[in-house]
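Here is the structure we will look at, set down as structure tokens.
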Protein chains: 2
Amino acid sequence: MKGGTKKIELYDTTLRDGTQGEHINLSVQDKLLIAGRLDEFGMDCIEGGWPSSNPKDEEFFKRAMDLELRHARLAAFGSTARYSDRIETDPNLLGLVGCGAPVITIFGKTWQAHSKTGLGISDEENRALIKNSVAFLRNAGREVFFDAEHFFDGWKDNREFALDMLKAAEEGGASRLVLCDTNGGSLPHEITAIIEDVRQHTDIAIGIHCHNDGDLAVANSIAAVMAGAIHVQGTVNGIGERCGNANIISIIANLVLKLPETGASVRDLTQLTSLSNFVFEILNLPPDSKAPYVGRSAFAHKGGIHVSAVMKESSLYEHIDPALVGNRQRVLVSELAGQSNIRYKAQELGISIPEGGEQIRKIVNHVKDLEHRGYQFDGAEASFELILQKELGTFTPYFEVIESKVYVESGIGGRNVDQAVLKVRVGEEIEHIAAEGDGPVNALDKALRKALIRFYPEIKGIKLVDYKVRVLEEKRGTSARVRVLIETGNGRTTWGTVGVSTNIIEASLRALEDSMNYHLFTLKATEPKPAAEENH
Amino acid sequence: MKGGTKKIELYDTTLRDGTQGEHINLSVQDKLLIAGRLDEFGMDCIEGGWPSSNPKDEEFFKRAMDLELRHARLAAFGSTARYSDRIETDPNLLGLVGCGAPVITIFGKTWQAHSKTGLGISDEENRALIKNSVAFLRNAGREVFFDAEHFFDGWKDNREFALDMLKAAEEGGASRLVLCDTNGGSLPHEITAIIEDVRQHTDIAIGIHCHNDGDLAVANSIAAVMAGAIHVQGTVNGIGERCGNANIISIIANLVLKLPETGASVRDLTQLTSLSNFVFEILNLPPDSKAPYVGRSAFAHKGGIHVSAVMKESSLYEHIDPALVGNRQRVLVSELAGQSNIRYKAQELGISIPEGGEQIRKIVNHVKDLEHRGYQFDGAEASFELILQKELGTFTPYFEVIESKVYVESGIGGRNVDQAVLKVRVGEEIEHIAAEGDGPVNALDKALRKALIRFYPEIKGIKLVDYKVRVLEEKRGTSARVRVLIETGNGRTTWGTVGVSTNIIEASLRALEDSMNYHLFTLKATEPKPAAEENH
């Protein structure tokens, strides 16, 4: 380990390089929210965007000035000037100075082929662009980080040229030389060797910026730190162009927990999982359940024998304590599950199932059958709990939908109608009710609430917070089964329920029914049971 | 690089360790299909399962004997015996011998804490279990690979114990000592150092088996090969428990393309992308678009300026030629898109858009508007082409749905009805038609075909092959917009279309309409236009 106990600088580029990824789109408001969370978490630098490249990023920097960051410094990104003899009037540089960010990161060409073929300029011109651009920003009172674009490929192609461009940035006054593996194809041992070479030629602090095209971005970043880099760039969840940037979530966990000698630290590592989930949520992307450290499956155990061992002594089966990163151990109730998995899950829910009886066998068979039909309870623990409670005789449904009709009509008299008609039994009474909605599922949701509110006014306080559809057996085309997962909240907590059917409307109705039943069940668990009970 | 030009042995455990992953479920038939593809691709060993642990794996080995593998050897997995003095009657070992696989991989404890706490046995007993189990299988005429479970953690905890257990396997006659990072938390430099130590103590060929809990499984596998391991285990797409196993797809590409001195090779590397997609398909999981080398986005470029440079000289922007792994370069039509992206995409589709006119501006605005509303054309190039052709005046829709009604009724007289009623205009004629289906979307699909078949009998030859639903704005609950992607095929090729609406039925109808229009358009592109044209 070189670099002694120098503190590692964590530089987040989720808001800039991350947004180059496919399907990634952030509004200014989204970016501000994420910047706030990154600061709270303890990121040292937050690269917010490229102010002169688009109006969205310009607005971001204007509004970011009011963010009152507690810890992080804001960085703006841009390129070197276009012409070395017109530095003072270069619109890109002026935009960078004008945006007000205290740190400016500019990239320049350090692969000769790029400056020759891409820009069509001489080595001297490229050198002058780098040196003069950095110097201009330094003179404007900014701290300047130099992103050496395509550095590793450039070094392999023409080492002298690559090193000389770093020297130009140094002469201009850059305080970080960030070596970028822009095309993402380098191997860790190359990163190590090249950084060791660079460190022979400069005393400026070295940074690293990796992409994941070889599935090695995290390893390359760590190799760089171990070779003496003290500044690490990455994006939350590894979002970014092509295969993504280095995942700063994994880098942080590895450095803090496994290489404490690097001095890497954040304000509160237990926020790591929620930071990752928060960014997925803002991006409106499904979280990566397999994500190291923070994924939902990262500490999930499957299979009977193994699970009992895990329960006995976690540290023998988990590389770290999941609580350190705000994650938790899970035991999967799956088709591989034996009784022990279901018992463990029940225990988590605070439910005890009598030992060795008929009940546990019945529950296991029932769950297996449902899973065979496409159910899964990973995101639908409320549905799972209702099954258990029903089997144990402690829950009976609060209502029954005995008939449902949904009409979706469009183009008739220029009007679109989405209507649901339900016949719902509550106790002795039958409510026959209709509602219109925004789409058929929304109409169903409204009709069900309308039918129940007279009997259960407490249904009013709940709100659907998420609705997901997954097509099972995708090959079967439009007649495939679908699984609907619904997340419902009451302002304090949320719960997930599931429905499966070849009919998306029916699958949604099942999940909605479970959601409302669960809400009533948890509210009424201690109250006398409603009349409905007798009818089942 | 140690190990000289020794050939690397690629050992695939997708069918065994891979199936421990969450949401992973393979039938015997699925496993046989995958085994066939792995062999065709050029994997050296295929671990098919644990025969004595479940009837599915037992059946797999029975049926696998008929596979006639051309290149790969089949391996069966299991544990060491339970009692060292009852080796000959151990049901697990007998099952392994009985399954007929030429290679048997057994795992044993090499972390002292596991044999002490987990099994509750003495070091001597553990040693005897390993040695005697291996010897028993060797005597039965099998080649035996020893999976040293938790080896790296075990070495760190008690090096002598760990090395001695390897020695026991060697004494028993194992031909590979596979060092397993079972909990997946090791760092590359630890792997390197520990393998170098092991190589001081044995001449048996070393293997490596990594998990991805630190986001380093591929790097760890490569570090192992560079330290002298000649056998590498992994799973296709990195499926597996928790964060998954080492992704053998990435490992292979890195070794073959970037470390040719390791001697790693496969029959046909250009099948890498299709192998990855095939396994995702059989698993019924959406492919990982960001997957290194093989993902749909792995060579996708976004953003105007960058794209023109990529078109000029790909090798400056791509770490490898995507054709080497059977992937291809893509240019994304996204909200970041300028004219050059749309032109490039059009060119890919063989469509030329006049330079500098009003048309390109109109197309860009139209696409931007659609994307703003949630459309995306990444998986829906047919819809994109229809937009272009319409704007260029070369396509007019073959029909128009002027009214649609969908009824979903359940619980009425015990019968469920999913019915669609459509009013469709074709030329001067209006067809008013109804159909029942399996779910509302299937009913719509059937009704639309029924309405069109009299006019366009060629609609008969097409079949829906995939149907996907993505909820946009998930926070808006049941009134959120959904995007429906449909993949249709005619037996020779497939095409993707898209529809977006707050109403899932309507979104599906839009995608179905595009699909049928596209089919008719490509068939009829050279024929005279139908009467419908005049009406639009």
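For the structure tokens, the naming scheme is as follows: chains receive sequential letters (A, B, ...) according to their order of presentation, residues are indexed from 1 within each chain, and ligands are indexed from 1 in presentation order.
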
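Excluding Ser175 in chain B itself and any same-chain residue fewer than 6 positions from it, the protein and nucleic acid residues within 12 Å of it, counting only C-alpha atoms, are Val103, Ile104, Thr105, Ile106, Val134, Ala135, Leu137, Arg138, Arg142, Glu143, Val144, Phe145, Phe146, Asp147, Leu166, Lys167, Ala169, Thr202, Asp203, Ile204, Ala205, Ile206, Gly207, Ile230 and His231 of chain B.
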
Expected file: the selected residues, C-alpha atoms, as a PDB file, in the first residue's frame:
```pdb
ATOM      1  CA  VAL B 103     -15.930 -35.800 -13.573  1.00  0.00           C
ATOM      2  CA  ILE B 104     -16.973 -35.491  -9.964  1.00  0.00           C
ATOM      3  CA  THR B 105     -16.455 -32.310  -7.999  1.00  0.00           C
ATOM      4  CA  ILE B 106     -16.780 -32.660  -4.268  1.00  0.00           C
ATOM      5  CA  VAL B 134     -11.771 -38.384  -2.943  1.00  0.00           C
ATOM      6  CA  ALA B 135     -10.044 -41.759  -2.916  1.00  0.00           C
ATOM      7  CA  LEU B 137     -14.443 -41.703  -6.149  1.00  0.00           C
ATOM      8  CA  ARG B 138     -11.022 -42.128  -7.764  1.00  0.00           C
ATOM      9  CA  ARG B 142     -13.845 -40.986 -11.877  1.00  0.00           C
ATOM     10  CA  GLU B 143     -11.722 -37.894 -12.247  1.00  0.00           C
ATOM     11  CA  VAL B 144     -12.114 -35.917  -9.029  1.00  0.00           C
ATOM     12  CA  PHE B 145     -11.944 -32.155  -8.576  1.00  0.00           C
ATOM     13  CA  PHE B 146     -11.799 -30.918  -4.989  1.00  0.00           C
ATOM     14  CA  ASP B 147     -13.724 -27.712  -4.218  1.00  0.00           C
ATOM     15  CA  LEU B 166      -5.664 -29.464   0.331  1.00  0.00           C
ATOM     16  CA  LYS B 167      -2.939 -31.980   1.015  1.00  0.00           C
ATOM     17  CA  ALA B 169      -7.419 -34.051  -1.233  1.00  0.00           C
ATOM     18  CA  THR B 202       1.475 -28.496  -4.226  1.00  0.00           C
ATOM     19  CA  ASP B 203       1.951 -29.422  -7.857  1.00  0.00           C
ATOM     20  CA  ILE B 204      -1.703 -30.259  -8.426  1.00  0.00           C
ATOM     21  CA  ALA B 205      -3.456 -27.939 -10.862  1.00  0.00           C
ATOM     22  CA  ILE B 206      -5.150 -25.038  -9.095  1.00  0.00           C
ATOM     23  CA  GLY B 207      -8.696 -23.851  -9.837  1.00  0.00           C
ATOM     24  CA  ILE B 230      -5.502 -23.088 -14.784  1.00  0.00           C
ATOM     25  CA  HIS B 231      -9.130 -23.926 -14.024  1.00  0.00           C
TER      26      HIS B 231
END
```

For range 48-55 of chain B: contacts at 6 Å, only C-alpha atoms, fewer than 6 positions along chain excluded, given as a list in words:
Leu15, Arg16, Ala76, Phe77, Gly78, Asn92 and Gly95 of chain B

Minimum-distance residue to chain B, chosen among A:Arg328, A:Lys302, A:His519, A:His366 (using only C-alpha atoms)
A:Lys302

Sort by chain and increasing residue number a table of all residues of chain B within 6 Å of chain A, each with its closest pair of atoms and their distance in Å to one decimal, counting only C-alpha atoms, and write it as a Markdown table.
```
| residue | atom | partner | partner_atom | distance |
| --- | --- | --- | --- | --- |
| B:Asn183 | CA | A:His319 | CA | 5.5 |
| B:Gly185 | CA | A:His319 | CA | 5.1 |
| B:Asp213 | CA | A:Pro292 | CA | 4.9 |
| B:Gly214 | CA | A:Pro292 | CA | 5.7 |
| B:Asp215 | CA | A:Pro292 | CA | 5.7 |
| B:Leu216 | CA | A:Ala219 | CA | 5.9 |
| B:Ala219 | CA | A:Leu216 | CA | 5.9 |
| B:Arg242 | CA | A:Ala298 | CA | 4.4 |
| B:Cys243 | CA | A:Lys290 | CA | 4.3 |
| B:Lys290 | CA | A:Cys243 | CA | 4.3 |
| B:Ala291 | CA | A:Cys243 | CA | 5.9 |
| B:Pro292 | CA | A:Asp213 | CA | 4.9 |
| B:Ser297 | CA | A:Arg242 | CA | 4.8 |
| B:Ala298 | CA | A:Arg242 | CA | 4.4 |
| B:Phe299 | CA | A:Arg242 | CA | 5.7 |
| B:Ala300 | CA | A:Arg242 | CA | 5.5 |
| B:Tyr317 | CA | A:Asn183 | CA | 5.9 |
| B:Glu318 | CA | A:Asn183 | CA | 5.8 |
| B:His319 | CA | A:Gly185 | CA | 5.1 |
| B:Ile402 | CA | A:Gly411 | CA | 5.7 |
| B:Glu403 | CA | A:Gly411 | CA | 4.5 |
| B:Ser404 | CA | A:Ser410 | CA | 5.3 |
| B:Lys405 | CA | A:Glu409 | CA | 4.2 |
| B:Val406 | CA | A:Val408 | CA | 5.0 |
| B:Tyr407 | CA | A:Tyr407 | CA | 4.8 |
| B:Val408 | CA | A:Val406 | CA | 5.0 |
| B:Glu409 | CA | A:Lys405 | CA | 4.2 |
| B:Ser410 | CA | A:Ser404 | CA | 5.3 |
| B:Gly411 | CA | A:Glu403 | CA | 4.4 |
| B:Ile412 | CA | A:Glu403 | CA | 5.8 |
| B:Asp438 | CA | A:Ser479 | CA | 5.4 |
| B:Gly439 | CA | A:Asn503 | CA | 4.1 |
| B:Val441 | CA | A:Thr478 | CA | 5.8 |
| B:Asn442 | CA | A:Thr478 | CA | 4.7 |
| B:Leu464 | CA | A:Gly477 | CA | 5.0 |
| B:Val465 | CA | A:Lys475 | CA | 5.1 |
| B:Asp466 | CA | A:Gly477 | CA | 4.9 |
| B:Tyr467 | CA | A:Gly477 | CA | 5.3 |
| B:Lys468 | CA | A:Val471 | CA | 5.9 |
| B:Val471 | CA | A:Lys468 | CA | 6.0 |
| B:Glu474 | CA | A:Asp466 | CA | 5.2 |
| B:Lys475 | CA | A:Val465 | CA | 5.2 |
| B:Gly477 | CA | A:Asp466 | CA | 4.9 |
| B:Thr478 | CA | A:Asn442 | CA | 4.8 |
| B:Ser479 | CA | A:Asn442 | CA | 5.3 |
| B:Thr502 | CA | A:Gly439 | CA | 5.7 |
| B:Asn503 | CA | A:Gly439 | CA | 4.1 |
```

Save out the residues we just selected, C-alpha atoms, as an mmCIF file, in the first residue's frame.
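What landed in result26.cif:
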```cif
data_model
loop_
_atom_site.group_PDB
_atom_site.id
_atom_site.type_symbol
_atom_site.label_atom_id
_atom_site.label_comp_id
_atom_site.auth_asym_id
_atom_site.auth_seq_id
_atom_site.Cartn_x
_atom_site.Cartn_y
_atom_site.Cartn_z
ATOM 1 C CA ASN B 183 -18.489 -15.878 0.871
ATOM 2 C CA GLY B 185 -15.480 -11.078 0.090
ATOM 3 C CA ASP B 213 -20.074 -10.044 -2.892
ATOM 4 C CA GLY B 214 -17.369 -7.387 -3.184
ATOM 5 C CA ASP B 215 -18.097 -6.615 -6.877
ATOM 6 C CA LEU B 216 -14.733 -8.199 -7.628
ATOM 7 C CA ALA B 219 -11.120 -9.469 -11.154
ATOM 8 C CA ARG B 242 -26.635 -13.449 -3.106
ATOM 9 C CA CYS B 243 -24.629 -11.216 -5.512
ATOM 10 C CA LYS B 290 -25.306 -3.024 -19.138
ATOM 11 C CA ALA B 291 -23.549 -6.410 -19.095
ATOM 12 C CA PRO B 292 -19.911 -6.037 -20.165
ATOM 13 C CA SER B 297 -25.872 -1.164 -24.180
ATOM 14 C CA ALA B 298 -22.287 -2.428 -24.050
ATOM 15 C CA PHE B 299 -21.433 -0.642 -27.289
ATOM 16 C CA ALA B 300 -24.226 1.909 -27.285
ATOM 17 C CA TYR B 317 -14.174 4.760 -28.521
ATOM 18 C CA GLU B 318 -14.575 1.016 -28.060
ATOM 19 C CA HIS B 319 -12.218 -1.199 -26.067
ATOM 20 C CA ILE B 402 -61.988 3.666 -34.540
ATOM 21 C CA GLU B 403 -63.600 2.160 -31.476
ATOM 22 C CA SER B 404 -62.505 -0.361 -28.893
ATOM 23 C CA LYS B 405 -64.299 -1.884 -25.938
ATOM 24 C CA VAL B 406 -62.894 -4.429 -23.558
ATOM 25 C CA TYR B 407 -64.936 -6.266 -20.969
ATOM 26 C CA VAL B 408 -63.406 -8.215 -18.157
ATOM 27 C CA GLU B 409 -65.972 -9.948 -16.017
ATOM 28 C CA SER B 410 -65.412 -12.476 -13.323
ATOM 29 C CA GLY B 411 -67.527 -14.216 -10.739
ATOM 30 C CA ILE B 412 -70.717 -13.938 -12.775
ATOM 31 C CA ASP B 438 -57.290 -15.383 -22.179
ATOM 32 C CA GLY B 439 -57.051 -12.009 -20.476
ATOM 33 C CA VAL B 441 -54.903 -8.147 -24.093
ATOM 34 C CA ASN B 442 -55.162 -11.574 -25.623
ATOM 35 C CA LEU B 464 -46.564 -12.741 -30.669
ATOM 36 C CA VAL B 465 -43.337 -13.958 -29.134
ATOM 37 C CA ASP B 466 -42.923 -11.585 -26.227
ATOM 38 C CA TYR B 467 -45.004 -9.140 -24.248
ATOM 39 C CA LYS B 468 -43.534 -6.819 -21.621
ATOM 40 C CA VAL B 471 -44.834 0.854 -15.194
ATOM 41 C CA GLU B 474 -44.252 4.085 -10.388
ATOM 42 C CA LYS B 475 -45.064 6.480 -7.609
ATOM 43 C CA GLY B 477 -49.810 3.975 -8.186
ATOM 44 C CA THR B 478 -52.529 2.477 -10.308
ATOM 45 C CA SER B 479 -52.983 5.609 -12.420
ATOM 46 C CA THR B 502 -52.135 5.370 -18.486
ATOM 47 C CA ASN B 503 -54.392 2.577 -19.679
#
```

Non-local contacts of range 159-164 of chain A (12 Å; only C-alpha atoms; under 2 positions in same chain excluded) as number ranges by chain
A: 108-116, 122-124, 126-128, 130-131, 148-157, 166-171, 177, 179-180, 194-195, 197-202

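As for CA of Ile387 in chain A and CA of Met516 in chain A, they are spaced 14.2 Å apart.
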
In Å, with one decimal, what is the gap from CA of Leu94 in chain A to CA of Asn132 in chain A?
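Calculated distance between CA of Leu94 in chain A and CA of Asn132 in chain A is 13.4 Å.
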
As a PyMOL selection string, please: every residue in range 119-163 of chain B that a backbone DSSP assignment puts in strand (DSSP E or B).
chain B and resi 143-149

Pull N, CA and C atoms from the residues just selected and write them as a compact mmCIF listing (two decimals), in the first residue's frame.
```
# COMPACT_ATOMS: atom_id res chain seq x y z
N GLU B 143 -12.66 -38.98 -12.51
CA GLU B 143 -11.72 -37.89 -12.25
C GLU B 143 -12.35 -37.04 -11.16
N VAL B 144 -11.56 -36.63 -10.17
CA VAL B 144 -12.11 -35.92 -9.03
C VAL B 144 -11.49 -34.53 -8.88
N PHE B 145 -12.37 -33.53 -8.86
CA PHE B 145 -11.94 -32.15 -8.58
C PHE B 145 -12.36 -31.86 -7.14
N PHE B 146 -11.46 -31.23 -6.38
CA PHE B 146 -11.80 -30.92 -4.99
C PHE B 146 -12.09 -29.42 -4.85
N ASP B 147 -13.35 -29.10 -4.49
CA ASP B 147 -13.72 -27.71 -4.22
C ASP B 147 -13.40 -27.40 -2.76
N ALA B 148 -12.38 -26.58 -2.56
CA ALA B 148 -11.96 -26.23 -1.20
C ALA B 148 -12.84 -25.08 -0.71
N GLU B 149 -13.91 -25.44 -0.03
CA GLU B 149 -14.92 -24.46 0.38
C GLU B 149 -14.33 -23.45 1.36
```

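Coordinates place CA of Ala447 in chain B at a distance of 22.4 Å from CA of Leu386 in chain B.
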
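Residues lying within 7 Å of Gly374 in chain B, counting only C-alpha atoms and ignoring same-chain neighbours fewer than 3 positions away, are Leu370, Glu371 and Val500 of chain B.
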
Please, which residues of range 189-392 of chain A, numbered as in this document, come out alpha helix (DSSP H) from DSSP, as a ChimeraX atom specification?
/A:189-201,217-226,248-258,272-283,304-312,339-348,358-372,381-391

Near-Phe278 in chain B list (12 Å; only C-alpha atoms; drop same-chain fewer than 4 positions) as a VMD selection string
chain B and resid 30 to 31 33 to 38 41 236 to 237 271 to 274 282 to 287 294

Using the selection just defined, write its residues with N, CA and C atoms as a compact mmCIF listing (two decimals), in the first residue's frame.
```
# COMPACT_ATOMS: atom_id res chain seq x y z
N ASP B 30 -34.91 -27.37 -19.43
CA ASP B 30 -34.12 -26.14 -19.51
C ASP B 30 -32.63 -26.45 -19.36
N LYS B 31 -32.32 -27.28 -18.37
CA LYS B 31 -30.93 -27.58 -18.07
C LYS B 31 -30.27 -28.32 -19.24
N LEU B 33 -31.12 -28.08 -22.37
CA LEU B 33 -30.94 -27.11 -23.45
C LEU B 33 -29.70 -26.26 -23.22
N ILE B 34 -29.55 -25.79 -21.99
CA ILE B 34 -28.39 -24.95 -21.68
C ILE B 34 -27.10 -25.76 -21.80
N ALA B 35 -27.11 -26.99 -21.31
CA ALA B 35 -25.91 -27.83 -21.41
C ALA B 35 -25.49 -27.98 -22.88
N GLY B 36 -26.46 -28.18 -23.74
CA GLY B 36 -26.17 -28.32 -25.16
C GLY B 36 -25.50 -27.07 -25.72
N ARG B 37 -26.02 -25.92 -25.32
CA ARG B 37 -25.44 -24.66 -25.81
C ARG B 37 -24.05 -24.42 -25.26
N LEU B 38 -23.84 -24.78 -23.99
CA LEU B 38 -22.52 -24.58 -23.38
C LEU B 38 -21.48 -25.43 -24.09
N PHE B 41 -20.71 -23.99 -27.49
CA PHE B 41 -19.90 -22.79 -27.36
C PHE B 41 -18.42 -23.12 -27.11
N VAL B 236 -22.91 -18.40 -16.35
CA VAL B 236 -23.31 -17.49 -17.42
C VAL B 236 -24.13 -16.35 -16.82
N ASN B 237 -23.76 -15.15 -17.15
CA ASN B 237 -24.41 -13.93 -16.67
C ASN B 237 -24.23 -13.72 -15.16
N GLN B 271 -20.11 -16.34 -30.47
CA GLN B 271 -21.38 -16.82 -29.91
C GLN B 271 -21.60 -16.32 -28.49
N LEU B 272 -20.65 -15.51 -27.97
CA LEU B 272 -20.74 -15.12 -26.56
C LEU B 272 -22.03 -14.37 -26.25
N THR B 273 -22.38 -13.40 -27.09
CA THR B 273 -23.58 -12.59 -26.85
C THR B 273 -24.83 -13.46 -26.93
N SER B 274 -24.89 -14.32 -27.92
CA SER B 274 -26.10 -15.12 -28.05
C SER B 274 -26.19 -16.15 -26.92
N ILE B 282 -33.98 -18.52 -21.32
CA ILE B 282 -34.42 -19.76 -20.67
C ILE B 282 -34.79 -19.49 -19.21
N LEU B 283 -34.06 -18.59 -18.58
CA LEU B 283 -34.34 -18.24 -17.18
C LEU B 283 -35.57 -17.34 -17.07
N ASN B 284 -36.04 -16.87 -18.22
CA ASN B 284 -37.16 -15.94 -18.24
C ASN B 284 -36.83 -14.67 -17.45
N LEU B 285 -35.60 -14.23 -17.58
CA LEU B 285 -35.18 -12.98 -16.93
C LEU B 285 -34.88 -11.95 -18.01
N PRO B 286 -35.15 -10.69 -17.73
CA PRO B 286 -34.77 -9.67 -18.71
C PRO B 286 -33.25 -9.61 -18.81
N PRO B 287 -32.69 -9.55 -20.00
CA PRO B 287 -31.23 -9.47 -20.14
C PRO B 287 -30.71 -8.20 -19.45
N VAL B 294 -21.49 -8.23 -23.63
CA VAL B 294 -22.65 -8.83 -24.29
C VAL B 294 -23.95 -8.06 -24.12
```

Find the residues around Asp39 in chain B up to 7 Å (only C-alpha atoms counted), leave out those fewer than 5 positions away in its own chain, and share them as a short mmCIF file (atom, residue, chain, number, x, y, z; two decimals) with C-alpha atoms, in the first residue's frame.
```
data_model
loop_
_atom_site.label_atom_id
_atom_site.label_comp_id
_atom_site.auth_asym_id
_atom_site.auth_seq_id
_atom_site.Cartn_x
_atom_site.Cartn_y
_atom_site.Cartn_z
CA LEU B 69 -21.49 -33.64 -25.99
CA ARG B 70 -18.94 -32.76 -28.61
CA HIS B 71 -16.38 -31.03 -26.47
CA ALA B 72 -17.36 -30.62 -22.83
#
```
